[in-house]
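Q: Below is entry-v9.tsv; it holds TSV, N, CA and C atoms.
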chain	number	residue	atom	x	y	z
J	70	MET	N	147.03	293.32	69.35
J	70	MET	CA	146.64	292.50	70.48
J	70	MET	C	145.90	291.28	69.97
J	71	LEU	N	146.17	290.13	70.52
J	71	LEU	CA	145.51	288.90	70.14
J	71	LEU	C	144.17	288.78	70.85
J	72	ALA	N	143.25	288.01	70.26
J	72	ALA	CA	141.97	287.75	70.90
J	72	ALA	C	142.23	286.93	72.15
J	73	GLN	N	141.56	287.29	73.24
J	73	GLN	CA	141.78	286.58	74.48
J	73	GLN	C	140.63	286.75	75.45
J	74	TYR	N	140.52	285.79	76.36
J	74	TYR	CA	139.61	285.86	77.50
J	74	TYR	C	140.48	286.15	78.71
J	75	VAL	N	140.03	287.02	79.60
J	75	VAL	CA	140.80	287.35	80.80
J	75	VAL	C	139.89	287.27	82.03
J	76	TYR	N	140.50	286.86	83.15
J	76	TYR	CA	139.78	286.83	84.41
J	76	TYR	C	140.77	287.14	85.54
J	77	PRO	N	140.54	288.25	86.26
J	77	PRO	CA	141.42	288.56	87.38
J	77	PRO	C	141.06	287.74	88.62
J	78	SER	N	142.06	287.34	89.36
J	78	SER	CA	141.88	286.55	90.57
J	78	SER	C	142.91	287.01	91.59
J	79	LEU	N	142.72	286.63	92.83
J	79	LEU	CA	143.72	286.95	93.86
J	79	LEU	C	145.05	286.27	93.57
J	80	LEU	N	145.02	285.18	92.80
J	80	LEU	CA	146.25	284.46	92.45
J	80	LEU	C	146.95	285.07	91.24
J	81	GLY	N	146.30	286.00	90.56
J	81	GLY	CA	146.91	286.63	89.39
J	81	GLY	C	145.90	286.77	88.27
J	82	LEU	N	146.38	287.21	87.14
J	82	LEU	CA	145.54	287.39	85.97
J	82	LEU	C	145.58	286.12	85.12
J	83	PHE	N	144.42	285.53	84.90
J	83	PHE	CA	144.31	284.33	84.08
J	83	PHE	C	143.89	284.75	82.68
J	84	ARG	N	144.53	284.13	81.68
J	84	ARG	CA	144.22	284.47	80.30
J	84	ARG	C	144.14	283.21	79.45
J	85	ILE	N	143.24	283.25	78.49
J	85	ILE	CA	143.12	282.22	77.46
J	85	ILE	C	143.28	282.98	76.15
J	86	VAL	N	144.41	282.77	75.48
J	86	VAL	CA	144.82	283.60	74.35
J	86	VAL	C	144.83	282.78	73.07
J	87	ARG	N	144.21	283.33	72.01
J	87	ARG	CA	144.28	282.67	70.70
J	87	ARG	C	145.69	282.85	70.15
J	88	HIS	N	146.29	281.72	69.77
J	88	HIS	CA	147.65	281.73	69.23
J	88	HIS	C	147.61	280.91	67.94
J	89	GLY	N	147.36	281.58	66.82
J	89	GLY	CA	147.16	280.86	65.57
J	89	GLY	C	145.82	280.14	65.61
J	90	ARG	N	145.84	278.83	65.42
J	90	ARG	CA	144.60	278.04	65.52
J	90	ARG	C	144.43	277.41	66.89
J	91	ARG	N	145.39	277.61	67.75
J	91	ARG	CA	145.33	277.01	69.09
J	91	ARG	C	145.10	278.09	70.14
J	92	TRP	N	144.83	277.65	71.35
J	92	TRP	CA	144.58	278.54	72.48
J	92	TRP	C	145.60	278.25	73.57
J	93	ARG	N	146.21	279.29	74.13
J	93	ARG	CA	147.17	279.16	75.22
J	93	ARG	C	146.47	279.47	76.53
J	94	ALA	N	146.74	278.69	77.55
J	94	ALA	CA	146.21	278.92	78.90
J	94	ALA	C	147.34	279.47	79.75
J	95	LEU	N	147.13	280.66	80.34
J	95	LEU	CA	148.18	281.32	81.11
J	95	LEU	C	147.66	281.82	82.45
J	96	CYS	N	148.55	281.77	83.44
J	96	CYS	CA	148.35	282.44	84.72
J	96	CYS	C	149.52	283.39	84.85
J	97	GLU	N	149.22	284.70	84.81
J	97	GLU	CA	150.26	285.71	84.72
J	97	GLU	C	151.10	285.42	83.48
J	98	ARG	N	152.39	285.16	83.60
J	98	ARG	CA	153.24	284.88	82.43
J	98	ARG	C	153.54	283.39	82.28
J	99	GLU	N	153.02	282.57	83.18
J	99	GLU	CA	153.29	281.14	83.14
J	99	GLU	C	152.27	280.44	82.24
J	100	GLU	N	152.78	279.76	81.22
J	100	GLU	CA	151.90	279.03	80.29
J	100	GLU	C	151.65	277.62	80.81
J	101	LEU	N	150.37	277.26	80.88
J	101	LEU	CA	149.99	275.93	81.33
J	101	LEU	C	150.00	274.95	80.16
J	102	GLY	N	149.64	275.42	78.98
J	102	GLY	CA	149.63	274.54	77.81
J	102	GLY	C	148.92	275.19	76.64
J	103	ARG	N	148.88	274.44	75.53
J	103	ARG	CA	148.19	274.90	74.32
J	103	ARG	C	147.11	273.88	73.98
J	104	PHE	N	145.97	274.38	73.52
J	104	PHE	CA	144.80	273.54	73.35
J	104	PHE	C	144.11	273.83	72.03
J	105	GLU	N	143.34	272.86	71.54
J	105	GLU	CA	142.64	273.00	70.27
J	105	GLU	C	141.47	273.98	70.36
J	106	CYS	N	140.87	274.09	71.54
J	106	CYS	CA	139.74	275.01	71.69
J	106	CYS	C	139.86	275.74	73.03
J	107	GLU	N	139.15	276.86	73.13
J	107	GLU	CA	139.21	277.66	74.34
J	107	GLU	C	138.61	276.94	75.55
J	108	LEU	N	137.67	276.04	75.30
J	108	LEU	CA	137.08	275.29	76.42
J	108	LEU	C	138.07	274.31	77.03
J	109	GLY	N	138.94	273.74	76.21
J	109	GLY	CA	140.00	272.87	76.72
J	109	GLY	C	140.97	273.64	77.60
J	110	ALA	N	141.30	274.86	77.17
J	110	ALA	CA	142.19	275.71	77.97
J	110	ALA	C	141.53	276.08	79.30
J	111	LEU	N	140.25	276.38	79.25
J	111	LEU	CA	139.51	276.73	80.47
J	111	LEU	C	139.50	275.55	81.44
J	112	ALA	N	139.21	274.36	80.94
J	112	ALA	CA	139.17	273.17	81.80
J	112	ALA	C	140.54	272.92	82.44
J	113	ALA	N	141.61	273.10	81.68
J	113	ALA	CA	142.96	272.88	82.23
J	113	ALA	C	143.29	273.90	83.31
J	114	LEU	N	142.91	275.16	83.11
J	114	LEU	CA	143.16	276.19	84.13
J	114	LEU	C	142.38	275.90	85.40
J	115	ARG	N	141.12	275.51	85.25
J	115	ARG	CA	140.29	275.21	86.43
J	115	ARG	C	140.83	274.02	87.20
J	116	GLU	N	141.35	273.03	86.49
J	116	GLU	CA	141.91	271.85	87.15
J	116	GLU	C	143.23	272.17	87.84
J	117	ALA	N	144.07	272.98	87.20
J	117	ALA	CA	145.38	273.30	87.75
J	117	ALA	C	145.31	274.30	88.91
J	118	TYR	N	144.30	275.16	88.89
J	118	TYR	CA	144.17	276.21	89.91
J	118	TYR	C	142.78	276.20	90.54
J	119	PRO	N	142.42	275.14	91.27
J	119	PRO	CA	141.07	275.10	91.86
J	119	PRO	C	140.87	276.19	92.91
J	120	GLN	N	141.94	276.60	93.57
J	120	GLN	CA	141.85	277.63	94.61
J	120	GLN	C	141.50	279.00	94.02
J	121	ALA	N	141.68	279.19	92.71
J	121	ALA	CA	141.38	280.47	92.07
J	121	ALA	C	139.88	280.66	91.85
J	122	ARG	N	139.13	279.56	91.90
J	122	ARG	CA	137.66	279.59	91.72
J	122	ARG	C	137.28	280.29	90.42
J	123	LEU	N	137.89	279.83	89.33
J	123	LEU	CA	137.63	280.40	88.01
J	123	LEU	C	136.23	280.01	87.54
J	124	PRO	N	135.51	280.92	86.89
J	124	PRO	CA	134.18	280.58	86.37
J	124	PRO	C	134.25	279.45	85.35
J	125	ALA	N	133.26	278.58	85.37
J	125	ALA	CA	133.22	277.42	84.48
J	125	ALA	C	132.76	277.78	83.07
J	126	ARG	N	132.13	278.94	82.92
J	126	ARG	CA	131.62	279.36	81.61
J	126	ARG	C	132.41	280.57	81.12
J	127	LEU	N	132.81	280.55	79.86
J	127	LEU	CA	133.57	281.66	79.31
J	127	LEU	C	132.76	282.94	79.23
J	128	GLU	N	131.45	282.85	79.27
J	128	GLU	CA	130.61	284.05	79.27
J	128	GLU	C	130.86	284.93	80.49
J	129	ARG	N	131.41	284.33	81.54
J	129	ARG	CA	131.71	285.09	82.77
J	129	ARG	C	133.10	285.71	82.74
J	130	TRP	N	133.89	285.36	81.75
J	130	TRP	CA	135.21	285.94	81.54
J	130	TRP	C	135.04	287.16	80.64
J	131	ARG	N	136.00	288.05	80.67
J	131	ARG	CA	135.97	289.21	79.79
J	131	ARG	C	136.66	288.84	78.48
J	132	PHE	N	135.95	289.08	77.36
J	132	PHE	CA	136.52	288.77	76.05
J	132	PHE	C	137.06	290.04	75.43
J	133	LEU	N	138.33	289.98	75.00
J	133	LEU	CA	138.97	291.09	74.31
J	133	LEU	C	139.24	290.64	72.88
J	134	PRO	N	138.52	291.21	71.90
J	134	PRO	CA	138.70	290.77	70.52
J	134	PRO	C	140.05	291.19	69.97
J	135	GLN	N	140.44	290.53	68.89
J	135	GLN	CA	141.71	290.86	68.24
J	135	GLN	C	141.57	292.22	67.57
J	136	LEU	N	142.54	293.07	67.81
J	136	LEU	CA	142.53	294.40	67.22
J	136	LEU	C	143.59	294.48	66.14
J	137	GLY	N	143.23	295.08	65.02
J	137	GLY	CA	144.19	295.29	63.96
J	137	GLY	C	145.06	296.49	64.28
J	138	VAL	N	146.19	296.55	63.64
J	138	VAL	CA	147.09	297.68	63.83
J	138	VAL	C	146.57	298.83	63.00
J	139	VAL	N	146.44	299.97	63.60
J	139	VAL	CA	145.96	301.15	62.90
J	139	VAL	C	147.15	301.97	62.46
J	140	HIS	N	147.22	302.22	61.17
J	140	HIS	CA	148.29	303.04	60.62
J	140	HIS	C	147.71	304.38	60.23
J	141	ALA	N	148.29	305.43	60.71
J	141	ALA	CA	147.81	306.77	60.38
J	141	ALA	C	148.99	307.62	59.95
J	142	ARG	N	148.77	308.38	58.91
J	142	ARG	CA	149.79	309.31	58.45
J	142	ARG	C	149.17	310.69	58.39
J	143	ALA	N	149.89	311.67	58.81
J	143	ALA	CA	149.40	313.04	58.72
J	143	ALA	C	149.57	313.53	57.30
J	144	SER	N	148.52	314.06	56.75
J	144	SER	CA	148.61	314.64	55.41
J	144	SER	C	149.02	316.10	55.53
J	145	ASN	N	149.31	316.73	54.42
J	145	ASN	CA	149.68	318.14	54.43
J	145	ASN	C	148.53	318.99	54.97
J	146	GLU	N	147.28	318.59	54.70
J	146	GLU	CA	146.13	319.33	55.22
J	146	GLU	C	146.09	319.26	56.74
J	147	ASP	N	146.35	318.07	57.30
J	147	ASP	CA	146.34	317.91	58.76
J	147	ASP	C	147.41	318.77	59.41
J	148	GLN	N	148.57	318.87	58.79
J	148	GLN	CA	149.65	319.65	59.36
J	148	GLN	C	149.32	321.12	59.40
J	149	ALA	N	148.51	321.58	58.46
J	149	ALA	CA	148.14	322.99	58.42
J	149	ALA	C	147.23	323.36	59.58
J	150	HIS	N	146.51	322.40	60.14
J	150	HIS	CA	145.57	322.67	61.23
J	150	HIS	C	146.23	322.57	62.59
J	151	TRP	N	147.44	322.10	62.69
J	151	TRP	CA	148.13	321.92	63.97
J	151	TRP	C	149.25	322.95	64.07
J	152	PRO	N	149.01	324.04	64.75
J	152	PRO	CA	150.07	325.06	64.85
J	152	PRO	C	151.24	324.57	65.69
J	153	MET	N	152.41	324.95	65.29
J	153	MET	CA	153.62	324.58	66.03
J	153	MET	C	153.86	325.61	67.11
J	154	GLN	N	154.21	325.15	68.30
J	154	GLN	CA	154.50	326.07	69.41
J	154	GLN	C	156.01	326.11	69.64
J	155	ALA	N	156.50	327.28	69.91
J	155	ALA	CA	157.94	327.43	70.14
J	155	ALA	C	158.27	327.39	71.60
Let me see whether you can do it: turn the structure in this file into structure tokens.
A:
Amino acid sequence: MLAQYVYPSLLGLFRIVRHGRRWRALCEREELGRFECELGALAALREAYPQARLPARLERWRFLPQLGVVHARASNEDQAHWPMQA
């Protein structure tokens, strides 16, 4: 999952998503644009959707940090502790 800010509204789910070095501004699946910083994306969303009454400060949005992919393999020891059911 990419790092992103999210804010639910009656108009849909608004997201500001890190995409490489840029930030994407989205309402549901519709992309409004790409910006150099998250504040630029926020300003564009607020201007495009004034009826959504989006908070002006990102501190009021929920931040979801980027999560790495977790790889797990069962070892022979782990398999011994999990009985098979028929």
Q: Which polymer residues have any atom within 8 Å of an atom of Cys106 of chain J, counting all atoms listed in the file, with same-chain residues fewer than 3 positions away left out, as a PyMOL selection string?
A: chain J and resi 90-93+103+109-111
Q: Which distance in Å separates atom CA of Arg122 of chain J and atom CA of Leu136 of chain J, to one decimal?
A: 29.0 Å
Q: Here is a test: counting only C-alpha atoms, which residue of J:Leu79, J:Ala72, J:Leu133, J:Ala94 is nearest to Glu116 of chain J?
A: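 Comparing J:Leu79, J:Ala72, J:Leu133, J:Ala94 against Glu116 of chain J, the winner is J:Ala94.
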Q: Hey, can you check how far atom CA of Tyr118 of chain J sits from atom CA of His88 of chain J?
A: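 Distance between the two atoms: 21.7 Å.
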Q: In Å, with one decimal, what is the gap from atom N of Ala121 of chain J to atom CA of Phe104 of chain J?
A: 20.4 Å
Q: Point out the residue among J:Leu127, J:Ala113, J:Leu108, J:Leu71 with the least atom-to-atom distance to Gly89 of chain J, counting only C-alpha atoms.
A: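 Counting only C-alpha atoms, the residue closest to Gly89 of chain J is J:Leu71.
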Q: Name all residues at most 7 Å from Phe132 of chain J (count only N, CA and C atoms; drop same-chain ones fewer than 3 positions away) and give them as a list in words.
A: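 Returned residues: Ala72, Gln73, Tyr74, Val75 and Arg129 of chain J.
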Q: Could you write out the selected residues, including N, CA and C atoms, as a CSV table (one decimal), in the frame of the given file?
A:
chain,number,residue,atom,x,y,z
J,72,ALA,N,143.2,288.0,70.3
J,72,ALA,CA,142.0,287.8,70.9
J,72,ALA,C,142.2,286.9,72.2
J,73,GLN,N,141.6,287.3,73.2
J,73,GLN,CA,141.8,286.6,74.5
J,73,GLN,C,140.6,286.8,75.4
J,74,TYR,N,140.5,285.8,76.4
J,74,TYR,CA,139.6,285.9,77.5
J,74,TYR,C,140.5,286.2,78.7
J,75,VAL,N,140.0,287.0,79.6
J,75,VAL,CA,140.8,287.4,80.8
J,75,VAL,C,139.9,287.3,82.0
J,129,ARG,N,131.4,284.3,81.5
J,129,ARG,CA,131.7,285.1,82.8
J,129,ARG,C,133.1,285.7,82.7
Q: Determine the axis-aligned bounding box of all atoms of segment 86-100 of chain J present in the file, pad each side by 5 Å, and express its centre and edge lengths in Å to one decimal place as AutoDock Vina command-line options.
A:
--center_x 148.9 --center_y 281.4 --center_z 75.1 --size_x 19.3 --size_y 18.7 --size_z 29.4
